[in-house]
>>> print(open('structure-v9.tsv').read())   # TSV, C-alpha atoms
chain	number	residue	atom	x	y	z
A	1	MET	CA	138.97	104.16	103.79
A	2	THR	CA	139.08	106.58	100.86
A	3	ALA	CA	140.16	110.18	101.43
A	4	LEU	CA	138.94	112.95	99.13
A	5	VAL	CA	141.44	115.77	98.64
A	6	PRO	CA	141.76	118.76	96.29
A	7	LEU	CA	143.00	117.63	92.90
A	8	ALA	CA	145.56	120.43	93.03
A	9	ASP	CA	147.40	118.39	95.70
A	10	ILE	CA	148.10	115.58	93.19
A	11	GLU	CA	150.99	115.51	90.72
A	12	PRO	CA	149.55	116.24	87.25
A	13	GLN	CA	151.40	113.33	85.62
A	14	LEU	CA	149.66	110.91	88.03
A	15	VAL	CA	146.29	112.33	87.01
A	16	GLU	CA	147.12	112.06	83.31
A	17	ALA	CA	148.28	108.45	83.70
A	18	LEU	CA	145.03	107.57	85.52
A	19	LEU	CA	142.97	109.21	82.78
A	20	ASP	CA	144.84	107.17	80.16
A	21	ARG	CA	144.16	103.93	82.07
A	22	ALA	CA	140.50	104.78	82.64
A	23	PHE	CA	139.64	106.14	79.17
A	24	GLY	CA	142.46	105.16	76.82
A	25	ALA	CA	145.26	107.20	75.31
A	26	ASP	CA	142.92	108.45	72.54
A	27	ARG	CA	140.69	110.24	75.07
A	28	ARG	CA	141.88	113.68	73.91
A	29	THR	CA	140.00	113.23	70.62
A	30	ARG	CA	136.62	113.20	72.36
A	31	THR	CA	134.12	116.03	72.08
A	32	ALA	CA	134.45	116.84	75.79
A	33	TYR	CA	138.05	117.91	75.18
A	34	ARG	CA	136.92	120.25	72.39
A	35	ILE	CA	134.30	121.84	74.61
A	36	ARG	CA	136.83	122.80	77.27
A	37	ALA	CA	139.78	123.50	74.94
A	38	GLY	CA	142.11	126.05	76.51
A	39	ALA	CA	140.18	126.17	79.79
A	40	ARG	CA	141.76	125.39	83.15
A	41	ALA	CA	140.01	123.09	85.61
A	42	ILE	CA	138.20	124.77	88.50
A	43	PRO	CA	140.27	123.99	91.63
A	44	ALA	CA	137.35	124.41	94.06
A	45	LEU	CA	135.36	121.71	92.22
A	46	SER	CA	138.09	119.21	91.27
A	47	PHE	CA	139.01	116.36	93.63
A	48	ALA	CA	141.05	113.18	93.98
A	49	ALA	CA	140.32	109.97	95.87
A	50	LEU	CA	143.26	108.38	97.69
A	51	ASP	CA	143.58	105.06	99.50
A	52	ASP	CA	145.04	104.75	103.02
A	53	ASP	CA	148.57	104.64	101.57
A	54	GLY	CA	148.04	107.78	99.49
A	55	ALA	CA	147.69	105.96	96.16
A	56	LEU	CA	145.49	107.70	93.60
A	57	LEU	CA	142.21	105.82	93.07
A	58	GLY	CA	140.12	108.36	91.19
A	59	THR	CA	139.63	111.95	90.13
A	60	ILE	CA	136.94	114.40	89.13
A	61	GLN	CA	137.58	117.59	87.23
A	62	CYS	CA	135.24	120.48	86.49
A	63	TRP	CA	135.69	123.14	83.84
A	64	PRO	CA	134.38	126.63	83.14
A	65	VAL	CA	132.32	126.55	79.95
A	66	SER	CA	129.48	128.62	78.57
A	67	LEU	CA	126.44	128.31	76.38
A	68	ALA	CA	126.39	130.97	73.68
A	69	CYS	CA	122.66	131.15	73.08
A	70	ASP	CA	121.50	131.92	69.54
A	71	SER	CA	119.53	134.82	71.06
A	72	GLY	CA	122.82	136.53	71.96
A	73	ALA	CA	122.84	135.67	75.67
A	74	GLU	CA	125.82	133.87	77.15
A	75	VAL	CA	125.28	131.60	80.15
A	76	ALA	CA	128.09	130.35	82.39
A	77	LEU	CA	128.07	126.60	82.99
A	78	VAL	CA	130.36	124.16	84.77
A	79	MET	CA	131.28	121.07	82.78
A	80	VAL	CA	131.68	118.01	85.01
A	81	GLY	CA	134.19	115.38	84.00
A	82	PRO	CA	136.06	113.40	83.45
A	83	VAL	CA	135.25	111.27	86.45
A	84	ALA	CA	138.00	108.66	86.36
A	85	VAL	CA	138.53	105.64	88.60
A	86	GLU	CA	141.33	103.08	88.44
A	87	PRO	CA	139.90	100.20	86.41
A	88	GLN	CA	140.28	97.64	89.22
A	89	TRP	CA	138.36	99.93	91.61
A	90	GLN	CA	135.47	100.81	89.29
A	91	GLN	CA	131.98	99.92	90.54
A	92	GLY	CA	133.18	100.39	94.13
A	93	GLY	CA	131.56	103.76	94.84
A	94	ILE	CA	134.63	105.96	94.31
A	95	GLY	CA	133.17	107.80	91.33
A	96	LYS	CA	129.91	108.33	93.20
A	97	ALA	CA	131.77	109.72	96.24
A	98	LEU	CA	133.70	112.11	93.99
A	99	MET	CA	130.45	113.32	92.38
A	100	VAL	CA	128.77	113.84	95.76
A	101	ARG	CA	131.78	115.84	97.02
A	102	MET	CA	131.85	117.96	93.86
A	103	ILE	CA	128.12	118.70	94.03
A	104	GLU	CA	128.46	119.70	97.70
A	105	ALA	CA	131.33	122.01	96.75
A	106	ALA	CA	129.38	123.45	93.81
A	107	ASP	CA	126.45	124.22	96.10
A	108	ALA	CA	128.73	125.96	98.61
A	109	ALA	CA	131.54	127.48	96.55
A	110	GLY	CA	129.76	130.25	94.71
A	111	VAL	CA	131.74	129.50	91.55
A	112	GLU	CA	130.24	131.20	88.50
A	113	GLY	CA	128.14	128.65	86.63
A	114	SER	CA	127.98	126.18	89.52
A	115	ASP	CA	124.18	126.45	89.50
A	116	ALA	CA	124.27	124.97	85.97
A	117	LEU	CA	126.31	121.77	85.91
A	118	MET	CA	126.54	119.89	82.62
A	119	LEU	CA	128.19	116.70	81.41
A	120	ILE	CA	128.22	114.07	78.72
A	121	GLY	CA	127.40	110.74	80.32
A	122	ASP	CA	125.09	107.84	81.00
A	123	PRO	CA	121.64	109.34	81.60
A	124	GLU	CA	120.37	106.39	83.61
A	125	TYR	CA	123.23	106.71	86.14
A	126	TYR	CA	123.52	110.49	86.35
A	127	ALA	CA	119.74	111.00	86.54
A	128	ARG	CA	119.21	108.34	89.18
A	129	PHE	CA	121.93	109.40	91.58
A	130	PHE	CA	122.51	113.09	90.86
A	131	GLY	CA	119.44	114.59	89.17
A	132	PHE	CA	120.97	115.29	85.75
A	133	SER	CA	118.67	115.24	82.72
A	134	ALA	CA	118.52	116.15	79.04
A	135	GLU	CA	115.30	118.11	79.63
A	136	ARG	CA	116.83	121.54	78.80
A	137	THR	CA	119.78	120.51	76.61
A	138	GLY	CA	117.90	119.59	73.42
A	139	GLY	CA	118.83	122.83	71.66
A	140	TRP	CA	122.48	122.79	72.68
A	141	ARG	CA	125.20	122.15	70.11
A	142	LEU	CA	128.68	120.80	70.81
A	143	PRO	CA	131.90	121.15	68.76
A	144	GLY	CA	132.01	117.48	67.82
A	145	PRO	CA	129.94	114.32	67.75
A	146	TYR	CA	127.75	113.33	70.70
A	147	GLU	CA	124.53	111.52	71.50
A	148	ALA	CA	121.84	114.06	72.44
A	149	ARG	CA	120.42	111.77	75.14
A	150	ARG	CA	123.84	111.82	76.88
A	151	LEU	CA	124.08	115.64	77.04
A	152	LEU	CA	122.87	116.25	80.58
A	153	ALA	CA	122.51	119.16	83.00
A	154	ARG	CA	121.26	119.94	86.49
A	155	GLY	CA	120.68	123.06	88.54
A	156	ALA	CA	118.49	126.14	88.76
A	157	GLY	CA	120.72	128.06	86.33
A	158	VAL	CA	120.51	125.60	83.43
A	159	PRO	CA	119.24	127.60	80.45
A	160	ASP	CA	116.61	126.36	78.03
A	161	CYS	CA	117.89	127.98	74.86
A	162	GLU	CA	119.50	126.91	71.62
A	163	GLY	CA	123.20	127.56	71.31
A	164	LEU	CA	126.80	126.36	71.24
A	165	VAL	CA	128.69	125.11	74.32
A	166	GLY	CA	132.37	126.06	74.52
A	167	PRO	CA	135.17	127.06	76.89
A	168	ARG	CA	135.20	130.19	79.01
A	169	GLU	CA	137.81	131.86	81.13
A	170	LEU	CA	137.51	131.30	84.85
A	171	LYS	CA	137.08	134.62	86.66
A	172	ALA	CA	139.02	135.20	89.87
A	173	ALA	CA	136.92	135.28	93.02
A	174	ALA	CA	136.11	138.81	94.17
>>> encode(input="structure-v9.tsv", output="structure tokens")
Amino acid sequence: MTALVPLADIEPQLVEALLDRAFGADRRTRTAYRIRAGARAIPALSFAALDDDGALLGTIQCWPVSLACDSGAEVALVMVGPVAVEPQWQQGGIGKALMVRMIEAADAAGVEGSDALMLIGDPEYYARFFGFSAERTGGWRLPGPYEARRLLARGAGVPDCEGLVGPRELKAAA
């Protein structure tokens, strides 16, 4: 049985080691890291999966980012990912369970931007199970290389404008 707990309950070095195993030590060079540079993960939307003995099996992190539209508007978004699962446990539903939990939390938490989730990922998987699409992201630019078909978003607040995605400061809850 897998337990889902707040990521804040997990030692950061355990999370970093899992991310290295899941994505490689060069993961910090990816565009996703540039997008969220300097941002802090959103605690209410970041979770860990533990086995019955408390061993870390997977994590999901979400980040406050924004789309600076060329028109001058700025739209708060939540960047989803990385979703990391221990290599030997991949394809076992842990990543899917973490995504479902995060989406439930995003729907309930009232976190700024949680009505506009975005990620860089496999469109066939994220569309099929979670309703993400590239329908409104065609005009978005990222600070690094990416495949346009993999830039996905979901939610009523997803803007359909051209602009640059980058980090934003998380505002304290009122």
>>> closest_residue(input="structure-v9.tsv", among="A:Gly58, A:Pro64, A:Pro143, A:Gly72", to="A:Ala97", atoms="all atoms listed in the file")
A:Gly58
>>> atom_distance(input="structure-v9.tsv", atom1="atom CA of A:Val100", atom2="atom CA of A:Phe130")
8.0 Å
>>> residues_around(input="structure-v9.tsv", residues="A:Ile120", least_positions_apart="3", cutoff="7 Å", atoms="all atoms listed in the file", output="number ranges by chain")
A: 150-152
>>> closest_residue(input="structure-v9.tsv", among="A:Arg149, A:Arg136, A:Arg27, A:Arg168", to="A:Pro82", atoms="all atoms listed in the file")
A:Arg27
>>> atom_distance(input="structure-v9.tsv", atom1="atom CA of A:Gly54", atom2="atom CA of A:Arg21")
18.3 Å
>>> residues_around(input="structure-v9.tsv", residues="A:Cys62", least_positions_apart="2", cutoff="9 Å", atoms="all atoms listed in the file", output="tab-separated table (two decimals) with C-alpha atoms, in the coordinates of the input")
chain	number	residue	atom	x	y	z
A	40	ARG	CA	141.76	125.39	83.15
A	41	ALA	CA	140.01	123.09	85.61
A	42	ILE	CA	138.20	124.77	88.50
A	43	PRO	CA	140.27	123.99	91.63
A	44	ALA	CA	137.35	124.41	94.06
A	45	LEU	CA	135.36	121.71	92.22
A	46	SER	CA	138.09	119.21	91.27
A	60	ILE	CA	136.94	114.40	89.13
A	64	PRO	CA	134.38	126.63	83.14
A	78	VAL	CA	130.36	124.16	84.77
A	79	MET	CA	131.28	121.07	82.78
A	80	VAL	CA	131.68	118.01	85.01
A	81	GLY	CA	134.19	115.38	84.00
A	82	PRO	CA	136.06	113.40	83.45
A	102	MET	CA	131.85	117.96	93.86
>>> atom_distance(input="structure-v9.tsv", atom1="atom CA of A:Gly95", atom2="atom CA of A:Val75")
27.5 Å
>>> residues_near_point(input="structure-v9.tsv", point="(148.7, 118.3, 90.1)", cutoff="12 Å", atoms="all atoms listed in the file", output="list of chain:residue names")
A:Val5, A:Pro6, A:Leu7, A:Ala8, A:Asp9, A:Ile10, A:Glu11, A:Pro12, A:Gln13, A:Leu14, A:Val15, A:Glu16, A:Ala17, A:Ala41, A:Pro43, A:Ser46, A:Phe47, A:Ala48, A:Leu56, A:Thr59, A:Gln61
>>> residues_near_point(input="structure-v9.tsv", point="(121.2, 125.7, 68.2)", cutoff="7 Å", atoms="all atoms listed in the file", output="ChimeraX atom specification")
/A:70,139-141,162-164
>>> closest_residue(input="structure-v9.tsv", among="A:Trp89, A:Tyr125, A:Trp63, A:Tyr146", to="A:Leu18", atoms="only C-alpha atoms")
A:Trp89
>>> axis_aligned_box(input="structure-v9.tsv", around="stretch 27-34 of chain A", padding_each_side="3 Å", output="AutoDock Vina command-line options")
--center_x 138.0 --center_y 115.2 --center_z 73.2 --size_x 13.8 --size_y 16.0 --size_z 11.2
>>> build_atoms(input="structure-v9.tsv", residues="stretch 7-18 of chain A", atoms="all heavy atoms", output="mmCIF file, in the frame of the given file")
data_model
loop_
_atom_site.group_PDB
_atom_site.id
_atom_site.type_symbol
_atom_site.label_atom_id
_atom_site.label_comp_id
_atom_site.auth_asym_id
_atom_site.auth_seq_id
_atom_site.Cartn_x
_atom_site.Cartn_y
_atom_site.Cartn_z
ATOM 1 N N LEU A 7 142.210 118.173 93.995
ATOM 2 C CA LEU A 7 143.000 117.630 92.900
ATOM 3 C C LEU A 7 144.319 118.379 92.740
ATOM 4 O O LEU A 7 145.321 117.797 92.316
ATOM 5 C CB LEU A 7 142.206 117.664 91.590
ATOM 6 C CG LEU A 7 142.835 116.953 90.409
ATOM 7 C CD1 LEU A 7 142.998 115.460 90.696
ATOM 8 C CD2 LEU A 7 142.010 117.163 89.158
ATOM 9 N N ALA A 8 144.340 119.634 93.128
ATOM 10 C CA ALA A 8 145.560 120.430 93.030
ATOM 11 C C ALA A 8 146.695 119.858 93.878
ATOM 12 O O ALA A 8 147.867 120.169 93.637
ATOM 13 C CB ALA A 8 145.277 121.877 93.439
ATOM 14 N N ASP A 9 146.370 119.004 94.855
ATOM 15 C CA ASP A 9 147.400 118.390 95.700
ATOM 16 C C ASP A 9 148.079 117.191 95.033
ATOM 17 O O ASP A 9 149.027 116.640 95.582
ATOM 18 C CB ASP A 9 146.773 117.896 97.023
ATOM 19 C CG ASP A 9 146.284 119.039 97.894
ATOM 20 O OD1 ASP A 9 146.556 120.208 97.580
ATOM 21 O OD2 ASP A 9 145.606 118.731 98.902
ATOM 22 N N ILE A 10 147.605 116.784 93.867
ATOM 23 C CA ILE A 10 148.100 115.580 93.190
ATOM 24 C C ILE A 10 148.997 115.987 92.020
ATOM 25 O O ILE A 10 148.688 116.924 91.281
ATOM 26 C CB ILE A 10 146.919 114.735 92.672
ATOM 27 C CG1 ILE A 10 145.920 114.437 93.800
ATOM 28 C CG2 ILE A 10 147.404 113.455 91.999
ATOM 29 C CD1 ILE A 10 146.502 113.715 94.993
ATOM 30 N N GLU A 11 150.082 115.255 91.845
ATOM 31 C CA GLU A 11 150.990 115.510 90.720
ATOM 32 C C GLU A 11 150.232 115.338 89.404
ATOM 33 O O GLU A 11 149.592 114.298 89.201
ATOM 34 C CB GLU A 11 152.178 114.545 90.760
ATOM 35 C CG GLU A 11 153.104 114.754 91.946
ATOM 36 C CD GLU A 11 153.826 116.103 91.871
ATOM 37 O OE1 GLU A 11 154.139 116.572 90.757
ATOM 38 O OE2 GLU A 11 154.070 116.678 92.941
ATOM 39 N N PRO A 12 150.298 116.325 88.512
ATOM 40 C CA PRO A 12 149.550 116.240 87.250
ATOM 41 C C PRO A 12 149.845 114.997 86.423
ATOM 42 O O PRO A 12 148.937 114.445 85.793
ATOM 43 C CB PRO A 12 149.985 117.512 86.504
ATOM 44 C CG PRO A 12 150.378 118.463 87.587
ATOM 45 C CD PRO A 12 150.983 117.609 88.665
ATOM 46 N N GLN A 13 151.084 114.512 86.428
ATOM 47 C CA GLN A 13 151.400 113.330 85.620
ATOM 48 C C GLN A 13 150.690 112.086 86.159
ATOM 49 O O GLN A 13 150.349 111.179 85.397
ATOM 50 C CB GLN A 13 152.907 113.098 85.482
ATOM 51 C CG GLN A 13 153.617 112.734 86.754
ATOM 52 C CD GLN A 13 154.138 113.928 87.544
ATOM 53 O OE1 GLN A 13 153.697 115.060 87.351
ATOM 54 N NE2 GLN A 13 155.063 113.676 88.444
ATOM 55 N N LEU A 14 150.422 112.026 87.463
ATOM 56 C CA LEU A 14 149.660 110.910 88.030
ATOM 57 C C LEU A 14 148.214 110.947 87.555
ATOM 58 O O LEU A 14 147.618 109.913 87.259
ATOM 59 C CB LEU A 14 149.727 110.926 89.555
ATOM 60 C CG LEU A 14 151.101 110.703 90.185
ATOM 61 C CD1 LEU A 14 151.015 110.857 91.700
ATOM 62 C CD2 LEU A 14 151.649 109.339 89.807
ATOM 63 N N VAL A 15 147.662 112.155 87.482
ATOM 64 C CA VAL A 15 146.290 112.330 87.010
ATOM 65 C C VAL A 15 146.193 111.923 85.541
ATOM 66 O O VAL A 15 145.291 111.177 85.144
ATOM 67 C CB VAL A 15 145.803 113.772 87.219
ATOM 68 C CG1 VAL A 15 144.426 113.984 86.603
ATOM 69 C CG2 VAL A 15 145.801 114.126 88.704
ATOM 70 N N GLU A 16 147.130 112.384 84.733
ATOM 71 C CA GLU A 16 147.120 112.060 83.310
ATOM 72 C C GLU A 16 147.248 110.555 83.079
ATOM 73 O O GLU A 16 146.566 109.989 82.219
ATOM 74 C CB GLU A 16 148.229 112.819 82.575
ATOM 75 C CG GLU A 16 147.984 114.310 82.477
ATOM 76 C CD GLU A 16 146.720 114.661 81.712
ATOM 77 O OE1 GLU A 16 146.511 114.121 80.605
ATOM 78 O OE2 GLU A 16 145.921 115.464 82.222
ATOM 79 N N ALA A 17 148.107 109.901 83.838
ATOM 80 C CA ALA A 17 148.280 108.450 83.700
ATOM 81 C C ALA A 17 146.987 107.719 84.078
ATOM 82 O O ALA A 17 146.593 106.752 83.413
ATOM 83 C CB ALA A 17 149.450 107.962 84.551
ATOM 84 N N LEU A 18 146.311 108.172 85.130
ATOM 85 C CA LEU A 18 145.030 107.570 85.520
ATOM 86 C C LEU A 18 143.995 107.756 84.419
ATOM 87 O O LEU A 18 143.269 106.818 84.069
ATOM 88 C CB LEU A 18 144.524 108.179 86.831
ATOM 89 C CG LEU A 18 143.087 107.825 87.225
ATOM 90 C CD1 LEU A 18 142.904 106.333 87.424
ATOM 91 C CD2 LEU A 18 142.665 108.594 88.450
#
